[in-house]
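Enquirer: This structure is in structure tokens; I'll ask about it shortly.
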Amino acid sequence: MDTAPSSPSVPQPPAPTAPRPQSHRKVATAAALASAVEWYDYFVFGIAAALVLGDLYFPAGSSSAGVLAAFATFAVGFLARPLGGVVAGHLGDKRGRKPMLVLALTLMGVATTAIGLLPTYETIGIAAPILLVLLRVAQGVAVGAQWGGAMLLATEYAPEGKRGVYGSFVQLGVPIGVVSANTMFLVVGAATSDSAFAAWGWRVPFLVGLFVLGLAWYIHRHVEETPEFRAAERELTEKERSEKGSPLRTIIRGHLGTVFLAGGSFAVNTATFYILITGVLDYTTRELGMKRSAVLAVSLCVSLTQLILIPAAAALSDRVGRIRIYAFGAVGIALWAVPLFLLIDTGSLLWLAVGTFVASCFLSIMYGPQAALFAELFTPEMRYTGASLGYQIAAVFGGGLAPFLMVLLLEATDTSMAVSAYIIGLSVIALVSIKILAGRAGSRTDG
């Protein structure tokens with residue numbers, strides 16, 4: 001059932017719970033900011049893992065071993081994300097979207113700040129990597145809980161026919177988070193020497209994450225629950241409400257296939273994304289000898305282009321359908337996987353920029369309609385749980401393992417074409433999943 005509010009230009013009977021037209025923009029902005037600060041906190045760990053965490057928290061062994069350990073810790077956060085998605089999804093489908101989003105933001109702010117204050121292995125020994133892993137788990141739980149809450153806050157407030165555009169505001173949090181995280185590391189790196197950066201400079205981007213707590217307070221005080229959730233709750237009788245079962249149980253019994261197909265459709269996107277922002281950063285600086293600041297600058301500039309492409313792809317999906325746009329992006333990623341690494345392997349900053357820019361364009365085409373697509377796969381009473389699980393399954397098997405697998409593939413094969421083959425394989429899985437979803441979803445994904 002679709003109870004999204006109609007366009008303000010269409011006469012409607014009075015409804016005290018319906019948001020005013022201007023509140024659409026306020027809620028969309030709040031959801032975008034929540035997504036941006038959450039992803040900023042999450043991404044600073046990935047950049048730090050590629051640059052310094054291996055030496056500071058896993059000092060034993062070779063340089064590659066330290067990086068592998070740091071990336072393994074990075075991946076642990078992804079393994080925790082389904083837990084956040086399940087818990088927040090269950091409570092979000094029963095109690096509301098907003099409380100879970102506020103809780104997720106608070107947990108992320110506390111965990112990220114704690115990482116910025118954490119002593120190194122040299123200071124407290126084995127306790128340092130153990131605490132780092134635990135804090136990364138907390139980050140993973142937080143981001144697993146956050147995405148579904150922010151996505152539903154935006155899409156369930158969206159005017160009729162604009163769910164793709166409003167959902168893209170949450171997706172914009174990803175490039176905004178990348179740009180912000182890269183900018184912080186660039187500024188701190190430029191302002192400090194290499195020794196100062198390793199000693200304390202890398203901590204500054206983590207400590208900035210404390211500001212997420214202020215945003216959590218704002219959403220708690222000034223943003224209302226979504227109209228679709230309130231409408232679904234009003235339609236339940238007291239008996240139905242008391243007998244309302246577990247959303248997770250409902251998903252497992254009748255919709256688990258859709259969850260896995262959603263995850264399969266998104267794995268190539270999240271894997272390629274994390275390869276670009278963390279794996280390529282490590283590969284180009286450690287193996288190709290490129291300057292850290294130059295590679296970060298390229299990543300920053302490429303991410304800026306996503307701020308235009310993501311909403312454009314989302315708006316187009318409102319007109320021609322989610323599936324068509326999504327599939328086009330997946331095909332593009334598959335076709336570009338080999339040229340991408342051929343360009344990177346030249347060691348040229350220009351060709352690195354060209355290769356990652358084109359890849360980023362195809363990623364943006366998939367990111368644009370993705371929030372609306374996932375929302376439309378499930379009905380309101382299980383939407384938080386179903387959409388979050390699909391997204392976080394992809395995060396675990398796609399994004400979380402991608403930088404780690406990239407290092408392993410490069411070490412085992414001594415060629416970057418192995419990484420290209422990995423991306424192509426995930427693209428095939430995505431296209432098969434999209435094809436099956438198109439048959440299941442029907443008109444719900446047509447825009």
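We name chains A, B, ... following the order of the structure tokens; residues begin at 1 in each chain, and ligands are numbered from 1 as shown.
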Which neighbours of Gly263 (chain A) fall inside 9 Å, counting only C-alpha atoms, when residues of the same chain fewer than 6 positions from it are skipped, and could you give them as a list in words?
Expert: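 Residues meeting the cut-off are Leu389, Gly390, Tyr391, Gln392, Ile393, Ala394, Ala395, Phe397, Gly398, Ala430 and Ser433 of chain A.
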Enquirer: Kindly save the residues from that selection, with N, CA and C atoms included, as a PDB file, in the first residue's frame.
Expert:
```
ATOM      1  N   LEU A 389      18.236  -4.953   5.588  1.00  0.00           N
ATOM      2  CA  LEU A 389      18.917  -6.238   5.424  1.00  0.00           C
ATOM      3  C   LEU A 389      19.503  -6.385   4.025  1.00  0.00           C
ATOM      4  N   GLY A 390      18.736  -6.038   3.006  1.00  0.00           N
ATOM      5  CA  GLY A 390      19.254  -6.128   1.644  1.00  0.00           C
ATOM      6  C   GLY A 390      20.484  -5.269   1.443  1.00  0.00           C
ATOM      7  N   TYR A 391      20.421  -4.055   1.939  1.00  0.00           N
ATOM      8  CA  TYR A 391      21.542  -3.118   1.809  1.00  0.00           C
ATOM      9  C   TYR A 391      22.767  -3.632   2.558  1.00  0.00           C
ATOM     10  N   GLN A 392      22.577  -4.103   3.797  1.00  0.00           N
ATOM     11  CA  GLN A 392      23.717  -4.490   4.624  1.00  0.00           C
ATOM     12  C   GLN A 392      24.314  -5.831   4.209  1.00  0.00           C
ATOM     13  N   ILE A 393      23.519  -6.725   3.640  1.00  0.00           N
ATOM     14  CA  ILE A 393      24.091  -7.956   3.075  1.00  0.00           C
ATOM     15  C   ILE A 393      25.064  -7.609   1.958  1.00  0.00           C
ATOM     16  N   ALA A 394      24.671  -6.668   1.110  1.00  0.00           N
ATOM     17  CA  ALA A 394      25.569  -6.213   0.047  1.00  0.00           C
ATOM     18  C   ALA A 394      26.809  -5.555   0.627  1.00  0.00           C
ATOM     19  N   ALA A 395      26.622  -4.812   1.716  1.00  0.00           N
ATOM     20  CA  ALA A 395      27.757  -4.137   2.340  1.00  0.00           C
ATOM     21  C   ALA A 395      28.787  -5.134   2.860  1.00  0.00           C
ATOM     22  N   PHE A 397      29.247  -8.518   1.920  1.00  0.00           N
ATOM     23  CA  PHE A 397      29.875  -9.358   0.904  1.00  0.00           C
ATOM     24  C   PHE A 397      30.416  -8.556  -0.275  1.00  0.00           C
ATOM     25  N   GLY A 398      30.054  -7.300  -0.366  1.00  0.00           N
ATOM     26  CA  GLY A 398      30.588  -6.431  -1.404  1.00  0.00           C
ATOM     27  C   GLY A 398      31.608  -5.468  -0.846  1.00  0.00           C
ATOM     28  N   ALA A 430      24.755  -8.757 -10.150  1.00  0.00           N
ATOM     29  CA  ALA A 430      23.827  -7.624 -10.060  1.00  0.00           C
ATOM     30  C   ALA A 430      22.788  -7.665 -11.169  1.00  0.00           C
ATOM     31  N   SER A 433      20.259 -10.414 -10.598  1.00  0.00           N
ATOM     32  CA  SER A 433      19.365 -10.036  -9.499  1.00  0.00           C
ATOM     33  C   SER A 433      18.353  -8.990  -9.946  1.00  0.00           C
TER      34      SER A 433
END
```
Enquirer: Contacts of Ser265 (chain A) at 12 Å or less, counting only C-alpha atoms, minus same-chain residues fewer than 5 places along, as a PyMOL selection string?
Expert: chain A and resi 258-260+270-271+323+326-327+329-331+366-367+370+373-374+390-395+397-398+425-438
Enquirer: Write out as a list in words which residues come within 12 Å of region 190-193 of chain A when counting only C-alpha atoms, dropping same-chain ones fewer than 4 positions away.
Expert: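 Residues meeting the cut-off are Thr183, Met184, Phe185, Leu186, Phe197, Ala198, Ala199, Trp200, Gly201, Trp202, Val204, Arg292, Ser293, Ala294, Leu296 and Ala297 of chain A.
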Enquirer: Report, in Å to a single decimal, how far apart CA of Pro227 (chain A) and CA of Val165 (chain A) are.
Expert: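 A separation of 17.7 Å between them.
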Enquirer: Set the distance at 10 Å and use only C-alpha atoms: which residues neighbour Leu172 (chain A) once local chain neighbours fewer than 3 positions away are removed? I'd like the list as a list in words.
Expert: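 Listed by chain and then number, they are Ala31, Ala32, Leu33, Ser35, Ala36, Gly167, Ser168, Phe169, Pro175, Ile176, Gly177, Gln306, Leu307, Ile308, Leu309, Ile310, Pro311, Ser364, Tyr367 and Gly368 of chain A.
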Enquirer: Put those residues in a file: C-alpha atoms, as a JSON list (two decimals), in the first residue's frame.
Expert:
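Generated output (selection.json):
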```json
[["chain", "number", "residue", "atom", "x", "y", "z"],
["A", 31, "ALA", "CA", 17.88, 12.97, 6.25],
["A", 32, "ALA", "CA", 20.67, 14.03, 3.89],
["A", 33, "LEU", "CA", 22.67, 15.60, 6.73],
["A", 35, "SER", "CA", 23.43, 10.33, 6.10],
["A", 36, "ALA", "CA", 26.37, 12.65, 5.34],
["A", 167, "GLY", "CA", 15.57, 9.08, -1.77],
["A", 168, "SER", "CA", 18.63, 10.43, -3.58],
["A", 169, "PHE", "CA", 19.11, 13.04, -0.85],
["A", 175, "PRO", "CA", 29.77, 11.47, -1.73],
["A", 176, "ILE", "CA", 29.37, 14.27, 0.83],
["A", 177, "GLY", "CA", 30.90, 11.98, 3.43],
["A", 306, "GLN", "CA", 28.43, 12.52, -7.77],
["A", 307, "LEU", "CA", 26.60, 15.42, -6.13],
["A", 308, "ILE", "CA", 25.18, 16.22, -9.58],
["A", 309, "LEU", "CA", 24.88, 12.75, -11.09],
["A", 310, "ILE", "CA", 23.09, 11.00, -8.21],
["A", 311, "PRO", "CA", 20.02, 13.29, -8.10],
["A", 364, "SER", "CA", 26.17, 7.38, -9.40],
["A", 367, "TYR", "CA", 23.15, 5.10, -6.40],
["A", 368, "GLY", "CA", 20.50, 7.58, -7.61]]
```
Enquirer: Leaving out region 123-132 of chain A and any residue of its chain fewer than 3 positions from it, which residues lie within 12 Å of it when counting only C-alpha atoms, given as a PyMOL selection string?
Expert: chain A and resi 45+49+53-60+66+69-70+72-74+76-77+111-120+135-139+199
Enquirer: Calculate how many Å separate CA of Arg234 (chain A) from CA of Pro247 (chain A), rounding to one decimal.
Expert: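 For CA of Arg234 (chain A) relative to CA of Pro247 (chain A), the distance reads 17.5 Å.
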Enquirer: So how many Å separate CA of Thr284 (chain A) and CA of Gly347 (chain A), to one decimal?
Expert: 7.5 Å
Enquirer: My list of candidates is A:Leu213, A:Ala158, A:Val396, A:Val44. Which is closest to Leu103 (chain A) when distances are computed with only C-alpha atoms?
Expert: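 For Leu103 (chain A), the nearest of the given residues is A:Leu213.
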Enquirer: When you count only C-alpha atoms, which of these residues is closest to Gly214 (chain A): A:Ile344, A:Val102, A:Ile325, A:Ala181?
Expert: A:Val102
Enquirer: Tell me which protein, DNA and RNA residues are within 7 Å of Val86 (chain A), counting only C-alpha atoms, leaving out same-chain ones fewer than 4 positions away, and put them as a count of residues only.
Expert: 4
Enquirer: Out of A:Met382, A:Leu410, A:Leu91, A:Ala372, which residue has the shortest atom-to-atom distance to Thr250 (chain A) when counting only C-alpha atoms?
Expert: A:Met382
Enquirer: Pick out the residues sitting within 10 Å of Leu83 (chain A), and hand them over as a list in words; count only C-alpha atoms, and ignore anything fewer than 4 positions along from it in its own chain.
Expert: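 That gives Phe78, Leu79, Val87, Ala88, Gly89, Val137, Gly140, Val141, Ala142, Gly144, Ala145, Ser388, Leu389 and Gln392 of chain A.
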